[in-house]
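File shown here: target20.tsv, holding TSV, C-alpha atoms and all ligand atoms.
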```
chain	number	residue	atom	x	y	z
A	1	MET	CA	-8.75	33.69	22.20
A	2	LYS	CA	-10.92	34.29	19.18
A	3	TRP	CA	-9.20	31.74	17.00
A	4	PHE	CA	-9.94	28.91	19.38
A	5	LYS	CA	-13.53	30.05	19.77
A	6	ASN	CA	-14.06	29.29	16.11
A	7	LEU	CA	-12.07	26.10	16.07
A	8	LYS	CA	-15.06	23.83	15.86
A	9	ALA	CA	-16.52	25.78	12.96
A	10	HIS	CA	-13.30	25.47	11.01
A	11	PHE	CA	-12.67	21.84	11.89
A	12	PRO	CA	-16.11	20.39	12.50
A	13	ALA	CA	-14.96	16.81	12.06
A	14	ALA	CA	-12.01	17.07	14.41
A	15	ARG	CA	-13.78	15.75	17.50
A	16	THR	CA	-15.93	13.08	15.97
A	17	GLU	CA	-13.22	11.45	13.86
A	18	LEU	CA	-10.71	10.98	16.70
A	19	ALA	CA	-10.32	7.28	17.25
A	20	GLN	CA	-10.25	6.31	20.91
A	21	VAL	CA	-7.15	4.35	21.81
A	22	ASP	CA	-5.89	3.00	25.08
A	23	THR	CA	-2.35	3.58	26.25
A	24	PRO	CA	-0.57	0.30	25.53
A	25	PRO	CA	0.58	-1.55	28.65
A	26	ILE	CA	4.22	-1.02	29.62
A	27	ASP	CA	6.43	-3.99	28.76
A	28	HIS	CA	6.97	-5.75	32.12
A	29	ARG	CA	10.63	-6.32	31.24
A	30	TRP	CA	11.32	-2.60	31.71
A	31	THR	CA	9.91	-2.80	35.22
A	32	ALA	CA	12.06	-5.82	35.97
A	33	LEU	CA	15.14	-3.77	35.13
A	34	GLY	CA	14.40	-1.43	38.01
A	35	SER	CA	14.37	-4.17	40.61
A	36	ASN	CA	16.90	-6.73	39.36
A	37	GLN	CA	20.38	-6.57	38.01
A	38	ILE	CA	20.38	-8.35	34.68
A	39	ILE	CA	23.87	-9.29	33.62
A	40	CYS	CA	24.92	-10.12	30.07
A	41	ASP	CA	26.58	-13.53	29.76
A	42	CYS	CA	29.08	-12.35	27.16
A	43	CYS	CA	30.61	-9.39	28.94
A	44	GLY	CA	29.31	-9.44	32.52
A	45	VAL	CA	27.89	-5.93	32.08
A	46	ASP	CA	24.52	-4.93	33.56
A	47	PHE	CA	21.72	-4.41	31.04
A	48	CYS	CA	21.25	-0.77	32.06
A	49	ASP	CA	24.93	-0.05	31.44
A	50	LEU	CA	24.50	-1.34	27.90
A	51	LEU	CA	22.00	1.45	27.21
A	52	SER	CA	25.02	3.49	26.19
A	53	ILE	CA	27.29	1.93	23.61
A	54	GLY	CA	29.80	3.39	21.18
A	55	TYR	CA	31.86	2.53	18.15
A	56	ALA	CA	35.60	2.94	18.58
A	57	ALA	CA	36.15	3.95	14.95
A	58	PRO	CA	34.32	4.54	11.67
A	59	GLU	CA	33.34	1.33	9.90
A	60	ASP	CA	35.98	1.80	7.20
A	61	TRP	CA	38.87	2.49	9.59
A	62	PRO	CA	41.41	-0.18	8.61
A	63	HIS	CA	44.02	0.39	11.30
A	64	ALA	CA	44.28	-0.60	14.95
A	65	ALA	CA	41.89	1.12	17.31
A	66	ASP	CA	44.74	2.77	19.25
A	67	THR	CA	43.80	6.38	19.70
A	68	GLU	CA	45.84	9.52	19.46
A	69	ASN	CA	45.21	12.63	21.53
A	70	ASN	CA	42.84	15.35	20.24
A	71	HIS	CA	45.27	18.06	21.32
A	72	THR	CA	48.50	16.69	19.97
A	73	VAL	CA	47.39	14.97	16.77
A	74	ASP	CA	48.95	16.26	13.55
A	75	LEU	CA	45.98	17.37	11.45
A	76	ASN	CA	48.20	17.69	8.40
A	77	GLY	CA	49.81	14.32	8.81
A	78	GLY	CA	48.54	10.92	7.72
A	79	ASP	CA	45.62	8.84	8.97
A	80	PHE	CA	44.73	9.30	12.63
A	81	LEU	CA	42.06	8.28	15.11
A	82	THR	CA	41.37	10.10	18.39
A	83	GLN	CA	38.39	9.81	20.74
A	84	ASP	CA	36.52	12.37	18.64
A	85	LEU	CA	38.22	12.87	15.29
A	86	CYS	CA	39.38	10.67	12.48
A	87	ARG	CA	41.15	11.15	9.20
A	88	LEU	CA	41.40	8.37	6.66
A	89	GLY	CA	43.04	9.42	3.41
A	90	ASP	CA	40.95	12.32	2.12
A	91	ARG	CA	37.97	11.41	4.33
A	92	ARG	CA	37.14	13.17	7.63
A	93	PHE	CA	35.05	11.85	10.52
A	94	ILE	CA	33.67	13.22	13.80
A	95	ARG	CA	32.29	11.18	16.67
A	96	CYS	CA	28.70	12.04	17.61
A	97	VAL	CA	25.83	10.73	19.71
A	98	LEU	CA	22.74	9.10	18.25
A	99	THR	CA	19.81	9.07	20.68
A	100	LEU	CA	17.00	6.54	20.37
A	101	PRO	CA	14.09	6.87	22.80
A	102	LEU	CA	12.95	3.67	24.51
A	103	VAL	CA	9.22	3.08	24.61
A	104	GLY	CA	8.37	2.42	28.26
A	105	HIS	CA	11.72	3.46	29.72
A	106	GLU	CA	12.81	6.86	30.99
A	107	ALA	CA	16.36	6.90	29.71
A	108	PRO	CA	17.08	6.76	25.99
A	109	PHE	CA	19.46	4.37	24.25
A	110	LEU	CA	22.65	6.28	23.37
A	111	ILE	CA	24.96	5.16	20.59
A	112	GLY	CA	28.34	6.77	19.98
A	113	VAL	CA	28.58	6.84	16.20
A	114	TRP	CA	31.01	8.31	13.70
A	115	VAL	CA	29.82	10.52	10.88
A	116	GLU	CA	31.70	11.57	7.77
A	117	VAL	CA	31.85	15.31	7.07
A	118	ASN	CA	33.48	17.42	4.40
A	119	GLU	CA	36.91	18.89	4.95
A	120	SER	CA	35.82	22.46	5.51
A	121	ASP	CA	33.24	21.48	8.17
A	122	PHE	CA	35.85	19.26	9.78
A	123	LEU	CA	38.39	22.08	9.98
A	124	ASN	CA	35.79	24.52	11.38
A	125	PHE	CA	34.80	21.95	13.99
A	126	VAL	CA	38.40	21.33	15.01
A	127	ARG	CA	39.12	25.07	15.20
A	128	GLU	CA	36.25	25.61	17.67
A	129	MET	CA	37.09	22.53	19.74
A	130	PRO	CA	39.49	23.97	22.34
A	131	ASP	CA	36.93	26.51	23.63
A	132	GLY	CA	34.02	24.10	23.99
A	133	ARG	CA	31.76	26.70	22.35
A	134	GLN	CA	30.73	24.71	19.30
A	135	GLY	CA	27.02	25.04	20.07
A	136	SER	CA	26.86	28.22	17.99
A	137	MET	CA	28.07	26.40	14.88
A	138	VAL	CA	25.49	25.69	12.21
A	139	MET	CA	24.14	22.21	11.67
A	140	MET	CA	26.32	20.15	9.32
A	141	PHE	CA	25.34	17.62	6.71
A	142	CYS	CA	27.06	14.30	7.23
A	143	THR	CA	26.87	10.58	6.53
A	144	LEU	CA	26.58	7.84	9.11
A	145	ALA	CA	29.91	6.00	9.11
A	146	ASN	CA	28.99	3.01	11.28
A	147	ILE	CA	26.58	0.18	10.68
A	148	VAL	CA	24.02	0.05	13.49
A	149	PRO	CA	22.24	-3.26	12.82
A	150	PRO	CA	19.59	-3.67	11.53
A	151	PHE	CA	19.91	-0.19	10.01
A	152	ARG	CA	21.90	0.64	6.92
A	153	ALA	CA	25.25	2.39	6.64
A	154	LYS	CA	26.08	5.62	4.85
A	155	LEU	CA	22.76	7.14	5.82
A	156	PRO	CA	22.49	10.90	5.16
A	157	CYS	CA	22.27	12.73	8.49
A	158	VAL	CA	22.66	16.16	10.03
A	159	MET	CA	24.70	16.82	13.09
A	160	GLN	CA	24.57	19.67	15.58
A	161	PRO	CA	27.72	20.56	17.52
A	162	ARG	CA	27.19	21.37	21.22
A	163	ASN	CA	28.84	23.46	23.90
A	164	ASP	CA	30.90	22.36	26.88
A	165	PHE	CA	32.71	19.53	25.10
A	166	HIS	CA	29.58	17.43	24.65
A	167	ARG	CA	29.69	15.34	21.52
A	168	PRO	CA	27.48	16.59	18.66
A	169	VAL	CA	24.06	15.03	18.28
A	170	VAL	CA	23.20	13.37	15.00
A	171	HIS	CA	19.79	13.09	13.35
A	172	VAL	CA	18.88	10.92	10.40
A	173	ALA	CA	17.84	13.13	7.48
A	174	ILE	CA	15.80	10.65	5.41
A	175	GLU	CA	12.22	10.49	6.67
A	176	GLU	CA	11.51	7.19	4.93
A	177	ASP	CA	14.37	5.39	6.66
A	178	PRO	CA	13.61	2.99	9.55
A	179	LEU	CA	16.30	4.62	11.68
A	180	TYR	CA	14.55	7.98	11.26
A	181	ALA	CA	11.35	6.35	12.55
A	182	ALA	CA	13.28	4.82	15.45
A	183	GLN	CA	14.61	8.26	16.42
A	184	ILE	CA	11.10	9.68	16.50
A	185	ASP	CA	9.00	6.76	17.75
A	186	GLY	CA	11.60	4.97	19.86
A	187	LEU	CA	12.49	1.32	20.21
A	188	ASP	CA	10.48	-1.26	22.08
A	189	PHE	CA	12.20	-3.81	24.29
A	190	ASP	CA	12.57	-6.42	21.53
A	191	GLN	CA	14.02	-3.93	19.07
A	192	LEU	CA	16.56	-2.89	21.68
A	193	LEU	CA	17.44	-6.55	22.30
A	194	GLN	CA	17.87	-6.97	18.55
A	195	ILE	CA	20.46	-4.16	18.40
A	196	LEU	CA	22.26	-5.40	21.51
A	197	GLY	CA	22.14	-8.97	20.14
A	198	ALA	CA	23.77	-7.82	16.91
A	199	HIS	CA	26.70	-6.65	19.04
A	200	GLY	CA	26.89	-9.98	20.86
A	201	HIS	CA	25.02	-8.96	24.03
A	202	PHE	CA	22.15	-10.96	25.53
A	203	THR	CA	22.25	-13.65	22.90
A	204	THR	CA	22.48	-16.53	25.38
A	205	ASN	CA	20.54	-15.14	28.32
A	206	THR	CA	17.29	-13.24	28.07
A	207	ALA	CA	16.81	-9.92	29.77
A	301	ZN	ZN	27.53	-8.52	26.64
```
Would you kindly transcribe this structure into structure tokens?
Ligand SMILES: [Zn+2]
Amino acid sequence: MKWFKNLKAHFPAARTELAQVDTPPIDHRWTALGSNQIICDCCGVDFCDLLSIGYAAPEDWPHAADTENNHTVDLNGGDFLTQDLCRLGDRRFIRCVLTLPLVGHEAPFLIGVWVEVNESDFLNFVREMPDGRQGSMVMMFCTLANIVPPFRAKLPCVMQPRNDFHRPVVHVAIEEDPLYAAQIDGLDFDQLLQILGAHGHFTTNTA
């Protein structure tokens, strides 16, 4: 290709200015996970099973966590909480998945989080729900409705509905925010322990 032929002429400094770096060594604790079961003292759950956690309700949900059914809930009634949808006064919430890559580990860390959306997006989402064909819906602006320590709440996000009844994926929309960086760069082992520790896991035993 002609363009590549002239690459060096257009970017003469490109080769010489590249700093040589070594791939950092993989944290040995990831390797240990593959060979040992590491059980959390607080809940008896294996470390690898804690790589997927979820919030039962939006942070501001004041009622019991008892859930109603997606299919039978009265959308025009009062406050409700199902596995995927929530109404609190004039506020509307949808449960999504936040994915954080783990540096040195194949599987990502998945967090089931609630996001707040406007009423019209909420109604469109609910209307498309029964068919499981929500992947064609446009991305929605939303606000993170859970506190994922050490990150802040009410973070502006976008969420993309998906097909086949998969929960929508959520992306932080503010590039300067640490959670945005975590979504792009991933968490190292200690950062993951910090999040799990904030939820009570692995505070007395060390993975
Ligand atoms: Zn635990």
Correct to one decimal, the distance CA of Gln37 (chain A)-CA of Leu100 (chain A) is 22.2 Å
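Among A:Phe47, A:Phe141, A:Trp61, A:Phe189, the residue with the shortest atom-to-atom distance to Thr82 (chain A), counting all atoms listed in the file, is A:Trp61.
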Can you tell me which residues come within 7 Å of ligand ZN 301 (chain A) when counting all atoms listed in the file, ideally as a PyMOL selection string? chain A and resi 40-45+200-202
Just how far from CA of Tyr55 (chain A) is CA of Val117 (chain A), in Å to one decimal?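 Pair CA of Val117 (chain A) / CA of Tyr55 (chain A) returns 16.9 Å.
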Which residue of A:Leu193, A:Ile111, A:Ile147, A:Leu102 approaches Ile26 (chain A) most closely, using only C-alpha atoms: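 So, comparing all the options, the nearest one is A:Leu102.
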Distance in Å - CA of Arg91 (chain A) versus CA of Cys157 (chain A):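 We find that CA of Arg91 (chain A) and CA of Cys157 (chain A) lie 16.3 Å from each other.
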When you look at Met140 (chain A) with a cut-off of 10 Å (counting only C-alpha atoms), what residues show up, excluding the ones that are within fewer than 4 positions of it in the same chain? I need them as a PDB file with C-alpha atoms, in the coordinates of the input.
```pdb
ATOM      1  CA  VAL A 117      31.850  15.310   7.070  1.00  0.00           C
ATOM      2  CA  ASN A 118      33.480  17.420   4.400  1.00  0.00           C
ATOM      3  CA  ASP A 121      33.240  21.480   8.170  1.00  0.00           C
ATOM      4  CA  PHE A 122      35.850  19.260   9.780  1.00  0.00           C
ATOM      5  CA  PHE A 125      34.800  21.950  13.990  1.00  0.00           C
ATOM      6  CA  CYS A 157      22.270  12.730   8.490  1.00  0.00           C
ATOM      7  CA  VAL A 158      22.660  16.160  10.030  1.00  0.00           C
ATOM      8  CA  MET A 159      24.700  16.820  13.090  1.00  0.00           C
ATOM      9  CA  GLN A 160      24.570  19.670  15.580  1.00  0.00           C
ATOM     10  CA  PRO A 161      27.720  20.560  17.520  1.00  0.00           C
ATOM     11  CA  VAL A 170      23.200  13.370  15.000  1.00  0.00           C
TER      12      VAL A 170
END
```
Give me the residues near Glu116 (chain A) as a PyMOL selection string, where near means some atom within 12 Å (using only C-alpha atoms) and where sequence neighbours in that chain fewer than 5 positions away do not count. chain A and resi 57-61+84-88+90-96+121-122+140-146+153-159+170
Can you pull out every residue within 12 Å of Gly34 (chain A), counting only C-alpha atoms, but drop anything in the same chain fewer than 4 positions away, and send it as a PyMOL selection string? chain A and resi 28-30+38+46-48+105-107
Gly54 (chain A): which residues within 9 Å, counting only C-alpha atoms, same-chain residues fewer than 4 positions away excluded, as a list in words? Val97, Leu110, Ile111, Gly112 and Val113 of chain A
Which centre and which edge lengths, in Å to one decimal, describe the axis-aligned box that holds all listed atoms of region 148-159 of chain A after 5 Å is added on each side, as lines of an AutoDock Vina configuration file?
```
center_x = 22.8
center_y = 6.6
center_z = 9.2
size_x = 16.5
size_y = 30.5
size_z = 18.6
```
Near Thr67 (chain A), within 8 Å and counting only C-alpha atoms, which residues show up once chain neighbours fewer than 2 positions away are dropped, as an MDAnalysis selection string? chainID A and resid 65 69 80:83
Those residues with C-alpha atoms, as a PDB file, in the frame of the given file please?
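This is the output file part15.pdb:
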```pdb
ATOM      1  CA  ALA A  65      41.890   1.120  17.310  1.00  0.00           C
ATOM      2  CA  ASN A  69      45.210  12.630  21.530  1.00  0.00           C
ATOM      3  CA  PHE A  80      44.730   9.300  12.630  1.00  0.00           C
ATOM      4  CA  LEU A  81      42.060   8.280  15.110  1.00  0.00           C
ATOM      5  CA  THR A  82      41.370  10.100  18.390  1.00  0.00           C
ATOM      6  CA  GLN A  83      38.390   9.810  20.740  1.00  0.00           C
TER       7      GLN A  83
END
```
Need the neighbours of (32.1, 31.0, 25.8): which residues are at most 9 Å away, counting all atoms listed in the file, as a ChimeraX atom specification? /A:131-133,163-164
